[in-house]
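Structure file structure21.pdb with PDB, C-alpha atoms:
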```
ATOM      1  CA  MET A   1      46.280  25.151   0.329  1.00  0.00           C
ATOM      2  CA  PRO A   2      43.823  23.779   2.870  1.00  0.00           C
ATOM      3  CA  PHE A   3      44.753  20.094   2.388  1.00  0.00           C
ATOM      4  CA  GLY A   4      48.496  20.478   2.176  1.00  0.00           C
ATOM      5  CA  SER A   5      50.639  18.634  -0.318  1.00  0.00           C
ATOM      6  CA  ASP A   6      49.573  16.679  -3.367  1.00  0.00           C
ATOM      7  CA  MET A   7      50.445  13.515  -1.425  1.00  0.00           C
ATOM      8  CA  ASN A   8      47.884  14.384   1.268  1.00  0.00           C
ATOM      9  CA  LYS A   9      45.266  15.083  -1.402  1.00  0.00           C
ATOM     10  CA  ALA A  10      45.927  11.736  -3.045  1.00  0.00           C
ATOM     11  CA  ALA A  11      45.715   9.943   0.314  1.00  0.00           C
ATOM     12  CA  LEU A  12      42.425  11.692   1.069  1.00  0.00           C
ATOM     13  CA  ILE A  13      40.968  10.696  -2.315  1.00  0.00           C
ATOM     14  CA  ILE A  14      42.094   7.078  -1.862  1.00  0.00           C
ATOM     15  CA  LEU A  15      40.583   6.992   1.629  1.00  0.00           C
ATOM     16  CA  PHE A  16      37.290   8.394   0.310  1.00  0.00           C
ATOM     17  CA  LEU A  17      37.167   5.855  -2.531  1.00  0.00           C
ATOM     18  CA  ALA A  18      37.994   2.981  -0.152  1.00  0.00           C
ATOM     19  CA  CYS A  19      35.123   3.982   2.143  1.00  0.00           C
ATOM     20  CA  PHE A  20      32.767   4.319  -0.821  1.00  0.00           C
ATOM     21  CA  VAL A  21      33.693   0.893  -2.227  1.00  0.00           C
ATOM     22  CA  ALA A  22      33.453  -0.742   1.214  1.00  0.00           C
ATOM     23  CA  GLY A  23      29.977   0.722   1.673  1.00  0.00           C
ATOM     24  CA  CYS A  24      28.860  -0.653  -1.681  1.00  0.00           C
ATOM     25  CA  GLY A  25      29.810  -4.166  -0.638  1.00  0.00           C
ATOM     26  CA  LYS A  26      27.379  -4.249   2.268  1.00  0.00           C
ATOM     27  CA  SER A  27      24.199  -6.154   1.536  1.00  0.00           C
ATOM     28  CA  ASN A  28      20.698  -5.722   2.836  1.00  0.00           C
ATOM     29  CA  ASP A  29      20.133  -9.440   3.348  1.00  0.00           C
ATOM     30  CA  SER A  30      18.402  -8.942   6.698  1.00  0.00           C
ATOM     31  CA  GLY A  31      15.947  -6.467   5.126  1.00  0.00           C
ATOM     32  CA  VAL A  32      15.183  -8.837   2.257  1.00  0.00           C
ATOM     33  CA  ALA A  33      14.775 -11.749   4.672  1.00  0.00           C
ATOM     34  CA  ALA A  34      12.391  -9.724   6.858  1.00  0.00           C
ATOM     35  CA  TYR A  35      10.386  -8.662   3.781  1.00  0.00           C
ATOM     36  CA  ASN A  36      10.129 -12.261   2.558  1.00  0.00           C
ATOM     37  CA  ALA A  37       9.171 -13.551   6.014  1.00  0.00           C
ATOM     38  CA  GLN A  38       6.414 -10.926   6.301  1.00  0.00           C
ATOM     39  CA  LYS A  39       5.216 -11.775   2.780  1.00  0.00           C
ATOM     40  CA  VAL A  40       4.685 -15.390   3.859  1.00  0.00           C
ATOM     41  CA  ILE A  41       2.792 -14.248   6.982  1.00  0.00           C
ATOM     42  CA  ASP A  42       0.604 -11.803   5.013  1.00  0.00           C
ATOM     43  CA  ASP A  43      -0.205 -14.317   2.290  1.00  0.00           C
ATOM     44  CA  LYS A  44      -1.216 -16.885   4.918  1.00  0.00           C
ATOM     45  CA  ILE A  45      -3.485 -14.351   6.657  1.00  0.00           C
ATOM     46  CA  VAL A  46      -5.242 -13.583   3.362  1.00  0.00           C
ATOM     47  CA  ALA A  47      -5.452 -17.268   2.348  1.00  0.00           C
ATOM     48  CA  ASP A  48      -6.879 -18.228   5.758  1.00  0.00           C
ATOM     49  CA  TYR A  49      -9.424 -15.411   5.524  1.00  0.00           C
ATOM     50  CA  LEU A  50     -10.535 -16.503   2.076  1.00  0.00           C
ATOM     51  CA  ALA A  51     -10.749 -20.149   3.190  1.00  0.00           C
ATOM     52  CA  ALA A  52     -12.927 -19.109   6.155  1.00  0.00           C
ATOM     53  CA  ASN A  53     -15.175 -17.069   3.818  1.00  0.00           C
ATOM     54  CA  PRO A  54     -15.761 -19.367   0.821  1.00  0.00           C
ATOM     55  CA  THR A  55     -18.674 -17.293  -0.508  1.00  0.00           C
ATOM     56  CA  LEU A  56     -16.334 -14.350  -1.001  1.00  0.00           C
ATOM     57  CA  LYS A  57     -15.335 -14.675  -4.642  1.00  0.00           C
ATOM     58  CA  ALA A  58     -12.061 -12.777  -4.583  1.00  0.00           C
ATOM     59  CA  THR A  59      -9.740 -12.512  -7.565  1.00  0.00           C
ATOM     60  CA  LYS A  60      -5.995 -12.108  -7.142  1.00  0.00           C
ATOM     61  CA  ILE A  61      -4.480  -9.149  -8.977  1.00  0.00           C
ATOM     62  CA  ASP A  62      -1.461 -10.515 -10.876  1.00  0.00           C
ATOM     63  CA  THR A  63       1.275 -11.816  -8.548  1.00  0.00           C
ATOM     64  CA  SER A  64       0.921  -9.016  -6.004  1.00  0.00           C
ATOM     65  CA  GLY A  65      -1.103 -10.822  -3.353  1.00  0.00           C
ATOM     66  CA  VAL A  66      -3.781  -8.104  -3.493  1.00  0.00           C
ATOM     67  CA  TYR A  67      -7.274  -9.542  -3.985  1.00  0.00           C
ATOM     68  CA  TYR A  68     -10.402  -7.755  -5.143  1.00  0.00           C
ATOM     69  CA  VAL A  69     -14.120  -8.421  -5.144  1.00  0.00           C
ATOM     70  CA  THR A  70     -16.561  -6.419  -7.249  1.00  0.00           C
ATOM     71  CA  VAL A  71     -19.264  -5.584  -4.707  1.00  0.00           C
ATOM     72  CA  THR A  72     -21.292  -3.373  -7.051  1.00  0.00           C
ATOM     73  CA  PRO A  73     -20.440  -3.181 -10.734  1.00  0.00           C
ATOM     74  CA  GLY A  74     -20.017   0.268 -12.158  1.00  0.00           C
ATOM     75  CA  SER A  75     -20.160   1.421 -15.747  1.00  0.00           C
ATOM     76  CA  GLY A  76     -17.795   2.736 -18.383  1.00  0.00           C
ATOM     77  CA  ASN A  77     -14.387   1.828 -19.691  1.00  0.00           C
ATOM     78  CA  ASP A  78     -12.220   4.577 -18.289  1.00  0.00           C
ATOM     79  CA  LEU A  79      -8.474   4.494 -18.775  1.00  0.00           C
ATOM     80  CA  PHE A  80      -6.464   4.608 -15.552  1.00  0.00           C
ATOM     81  CA  THR A  81      -2.923   5.997 -15.434  1.00  0.00           C
ATOM     82  CA  ARG A  82      -0.710   6.899 -12.492  1.00  0.00           C
ATOM     83  CA  SER A  83      -1.891  10.500 -12.796  1.00  0.00           C
ATOM     84  CA  THR A  84      -5.585   9.621 -12.933  1.00  0.00           C
ATOM     85  CA  ARG A  85      -7.515  11.361 -10.170  1.00  0.00           C
ATOM     86  CA  VAL A  86     -10.368   9.502  -8.528  1.00  0.00           C
ATOM     87  CA  VAL A  87     -13.136  10.636  -6.200  1.00  0.00           C
ATOM     88  CA  ILE A  88     -13.791   7.895  -3.683  1.00  0.00           C
ATOM     89  CA  GLY A  89     -15.489   6.943  -0.467  1.00  0.00           C
ATOM     90  CA  TYR A  90     -14.072   4.117   1.617  1.00  0.00           C
ATOM     91  CA  THR A  91     -13.983   2.118   4.809  1.00  0.00           C
ATOM     92  CA  GLY A  92     -10.832   0.438   6.049  1.00  0.00           C
ATOM     93  CA  ARG A  93     -10.617  -2.469   8.472  1.00  0.00           C
ATOM     94  CA  LEU A  94      -7.899  -4.735   9.782  1.00  0.00           C
ATOM     95  CA  LEU A  95      -8.360  -8.038   7.978  1.00  0.00           C
ATOM     96  CA  THR A  96      -7.346 -10.046  11.044  1.00  0.00           C
ATOM     97  CA  THR A  97      -9.905  -8.517  13.435  1.00  0.00           C
ATOM     98  CA  GLY A  98     -12.402  -6.677  11.252  1.00  0.00           C
ATOM     99  CA  LYS A  99     -11.847  -3.593  13.382  1.00  0.00           C
ATOM    100  CA  LEU A 100     -12.642  -0.329  11.585  1.00  0.00           C
ATOM    101  CA  PHE A 101      -9.741   2.139  11.371  1.00  0.00           C
ATOM    102  CA  ALA A 102     -10.858   4.581   8.642  1.00  0.00           C
ATOM    103  CA  GLN A 103     -14.102   5.741   7.086  1.00  0.00           C
ATOM    104  CA  THR A 104     -14.950   8.677   4.849  1.00  0.00           C
ATOM    105  CA  ASN A 105     -18.732   8.770   5.478  1.00  0.00           C
ATOM    106  CA  ASP A 106     -20.061  11.758   3.492  1.00  0.00           C
ATOM    107  CA  PHE A 107     -16.595  13.123   2.698  1.00  0.00           C
ATOM    108  CA  HIS A 108     -15.349  11.924  -0.707  1.00  0.00           C
ATOM    109  CA  PRO A 109     -11.687  12.789  -1.237  1.00  0.00           C
ATOM    110  CA  GLU A 110     -10.173  13.244  -4.670  1.00  0.00           C
ATOM    111  CA  VAL A 111      -6.761  11.590  -4.959  1.00  0.00           C
ATOM    112  CA  ALA A 112      -4.257  10.835  -7.701  1.00  0.00           C
ATOM    113  CA  LEU A 113      -3.523   7.141  -8.064  1.00  0.00           C
ATOM    114  CA  GLN A 114       0.220   7.779  -7.811  1.00  0.00           C
ATOM    115  CA  THR A 115      -0.213   9.237  -4.301  1.00  0.00           C
ATOM    116  CA  ILE A 116      -2.007   6.340  -2.622  1.00  0.00           C
ATOM    117  CA  ILE A 117      -0.909   2.956  -1.303  1.00  0.00           C
ATOM    118  CA  LEU A 118       0.082   0.376  -3.913  1.00  0.00           C
ATOM    119  CA  GLY A 119      -2.850  -1.899  -3.046  1.00  0.00           C
ATOM    120  CA  TRP A 120      -5.232   0.889  -4.040  1.00  0.00           C
ATOM    121  CA  GLN A 121      -3.218   1.690  -7.177  1.00  0.00           C
ATOM    122  CA  LEU A 122      -3.733  -1.915  -8.265  1.00  0.00           C
ATOM    123  CA  GLY A 123      -7.304  -2.337  -7.040  1.00  0.00           C
ATOM    124  CA  ILE A 124      -9.160   0.881  -7.824  1.00  0.00           C
ATOM    125  CA  PRO A 125      -8.799   0.362 -11.600  1.00  0.00           C
ATOM    126  CA  LYS A 126     -10.738  -2.905 -11.127  1.00  0.00           C
ATOM    127  CA  ALA A 127     -13.797  -0.780 -10.324  1.00  0.00           C
ATOM    128  CA  LYS A 128     -15.764   1.253 -12.786  1.00  0.00           C
ATOM    129  CA  ARG A 129     -17.402   4.645 -12.266  1.00  0.00           C
ATOM    130  CA  GLY A 130     -20.186   4.232  -9.705  1.00  0.00           C
ATOM    131  CA  GLY A 131     -18.937   0.799  -8.662  1.00  0.00           C
ATOM    132  CA  VAL A 132     -17.783  -0.570  -5.345  1.00  0.00           C
ATOM    133  CA  VAL A 133     -14.714  -2.770  -4.999  1.00  0.00           C
ATOM    134  CA  ARG A 134     -13.427  -4.586  -1.940  1.00  0.00           C
ATOM    135  CA  LEU A 135      -9.656  -4.964  -1.609  1.00  0.00           C
ATOM    136  CA  LEU A 136      -7.720  -7.374   0.611  1.00  0.00           C
ATOM    137  CA  VAL A 137      -4.297  -5.752   0.868  1.00  0.00           C
ATOM    138  CA  PRO A 138      -1.159  -7.430   2.270  1.00  0.00           C
ATOM    139  CA  SER A 139       1.015  -5.130   4.360  1.00  0.00           C
ATOM    140  CA  ARG A 140       3.689  -4.880   1.643  1.00  0.00           C
ATOM    141  CA  TYR A 141       1.100  -3.169  -0.593  1.00  0.00           C
ATOM    142  CA  ALA A 142      -0.187  -0.934   2.226  1.00  0.00           C
ATOM    143  CA  TYR A 143       2.099   0.613   4.847  1.00  0.00           C
ATOM    144  CA  GLY A 144       4.536  -2.283   5.340  1.00  0.00           C
ATOM    145  CA  PRO A 145       6.693  -2.345   8.472  1.00  0.00           C
ATOM    146  CA  ALA A 146       5.963   1.321   9.231  1.00  0.00           C
ATOM    147  CA  ALA A 147       3.267   1.778  11.860  1.00  0.00           C
ATOM    148  CA  GLN A 148       0.851   4.618  11.074  1.00  0.00           C
ATOM    149  CA  PRO A 149       0.275   6.367  14.415  1.00  0.00           C
ATOM    150  CA  GLN A 150      -2.165   8.889  12.924  1.00  0.00           C
ATOM    151  CA  LEU A 151      -4.516   6.281  11.387  1.00  0.00           C
ATOM    152  CA  GLY A 152      -7.296   4.796  13.459  1.00  0.00           C
ATOM    153  CA  LEU A 153      -7.109   7.199  16.393  1.00  0.00           C
ATOM    154  CA  ALA A 154     -10.769   8.145  15.891  1.00  0.00           C
ATOM    155  CA  PHE A 155     -11.664   4.446  16.075  1.00  0.00           C
ATOM    156  CA  ASP A 156      -9.991   3.548  19.381  1.00  0.00           C
ATOM    157  CA  PHE A 157      -6.631   2.494  17.970  1.00  0.00           C
ATOM    158  CA  LYS A 158      -4.632   3.968  20.846  1.00  0.00           C
ATOM    159  CA  ASN A 159      -1.300   3.715  19.017  1.00  0.00           C
ATOM    160  CA  GLY A 160      -2.657   4.040  15.492  1.00  0.00           C
ATOM    161  CA  LEU A 161      -2.469   1.398  12.803  1.00  0.00           C
ATOM    162  CA  PRO A 162       0.142  -1.242  13.670  1.00  0.00           C
ATOM    163  CA  ALA A 163       3.118  -2.161  11.515  1.00  0.00           C
ATOM    164  CA  ASN A 164       2.604  -4.955   8.970  1.00  0.00           C
ATOM    165  CA  ALA A 165      -1.183  -4.629   9.091  1.00  0.00           C
ATOM    166  CA  VAL A 166      -3.093  -6.628   6.457  1.00  0.00           C
ATOM    167  CA  LEU A 167      -6.008  -4.432   5.420  1.00  0.00           C
ATOM    168  CA  ASP A 168      -9.545  -4.832   4.085  1.00  0.00           C
ATOM    169  CA  PHE A 169     -10.972  -1.858   2.182  1.00  0.00           C
ATOM    170  CA  GLU A 170     -14.334  -1.255   0.577  1.00  0.00           C
ATOM    171  CA  ILE A 171     -14.009   1.580  -1.927  1.00  0.00           C
ATOM    172  CA  GLU A 172     -16.758   3.308  -3.858  1.00  0.00           C
ATOM    173  CA  LEU A 173     -15.583   5.016  -7.034  1.00  0.00           C
ATOM    174  CA  PHE A 174     -17.663   8.172  -7.526  1.00  0.00           C
ATOM    175  CA  ASP A 175     -15.710   9.795 -10.331  1.00  0.00           C
ATOM    176  CA  ILE A 176     -12.631   9.387 -12.527  1.00  0.00           C
ATOM    177  CA  LYS A 177     -10.692  12.371 -13.880  1.00  0.00           C
ATOM    178  CA  ASN A 178      -7.934  12.083 -16.455  1.00  0.00           C
TER     179      ASN A 178
END
```

Show me this structure written as structure tokens.
Amino acid sequence: MPFGSDMNKAALIILFLACFVAGCGKSNDSGVAAYNAQKVIDDKIVADYLAANPTLKATKIDTSGVYYVTVTPGSGNDLFTRSTRVVIGYTGRLLTTGKLFAQTNDFHPEVALQTIILGWQLGIPKAKRGGVVRLLVPSRYAYGPAAQPQLGLAFDFKNGLPANAVLDFEIELFDIKN
């Protein structure tokens, strides 16, 4: 037998269970604290932006902290699900500086709602076919603490999109496919 006597097997099982139970007792308090601290920072950035732009009539989407503005109303009453595919055009800017980091121009990608950032999953359904919606997206509903080194390189972001970036998107909804 590779593990020897029954006593050695029992000791090995007890050791494994002790390690498993000890690992379960560890908490992620520092991660939760960091998340909550960034939430406060993001919400202040958005609130300050809205206060500095009082003509921008933004509506908060539930308790998420994502705000939307209907720039151009669309038409229809399409049903959106997580698997809904949308054809869009968009521009993306950092909310804090207004610096452009993404733009589709004449390219209109088709994406499934379940595959895009949470801010878009919440905000795109606020538009209707042919409409344009503007989204103010806190970092927790975008890319969070993960920097995105591939985003923004074409727009002079030398290191890509920074971690915890609060984003401002204008999205045109060309088509909806269920």

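Considering the residues A:Thr104, A:Ser75, A:Thr96, A:Gln121 and counting all atoms listed in the file, Leu167 (chain A) has its shortest atom-to-atom contact with A:Thr96.
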
Determine the residue membership of the PyMOL selection byres ((chain A and resi 68) around 8) for the file above and supply it as an NGL selection string. :A and (58-61 or 66-67 or 69-70 or 123 or 126 or 133-136)

Spatial sel., origin (-17.1, 9.6, -20.5), limit 12 Å, all atoms listed in the file, listed as a PDB file with C-alpha atoms, in the frame of the given file:
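Output saved as out33.pdb:
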```pdb
ATOM      1  CA  SER A  75     -20.160   1.421 -15.747  1.00  0.00           C
ATOM      2  CA  GLY A  76     -17.795   2.736 -18.383  1.00  0.00           C
ATOM      3  CA  ASN A  77     -14.387   1.828 -19.691  1.00  0.00           C
ATOM      4  CA  ASP A  78     -12.220   4.577 -18.289  1.00  0.00           C
ATOM      5  CA  LEU A  79      -8.474   4.494 -18.775  1.00  0.00           C
ATOM      6  CA  LYS A 128     -15.764   1.253 -12.786  1.00  0.00           C
ATOM      7  CA  ARG A 129     -17.402   4.645 -12.266  1.00  0.00           C
ATOM      8  CA  ASP A 175     -15.710   9.795 -10.331  1.00  0.00           C
ATOM      9  CA  ILE A 176     -12.631   9.387 -12.527  1.00  0.00           C
ATOM     10  CA  LYS A 177     -10.692  12.371 -13.880  1.00  0.00           C
ATOM     11  CA  ASN A 178      -7.934  12.083 -16.455  1.00  0.00           C
TER      12      ASN A 178
END
```

Tell me, in Å to one decimal, how far CA of Ala147 (chain A) is from CA of Tyr49 (chain A). 22.3 Å

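Closest approach to Thr81 (chain A) among A:Ser30, A:Thr115, A:Asn36, A:Ser139: A:Thr115, based on only C-alpha atoms.
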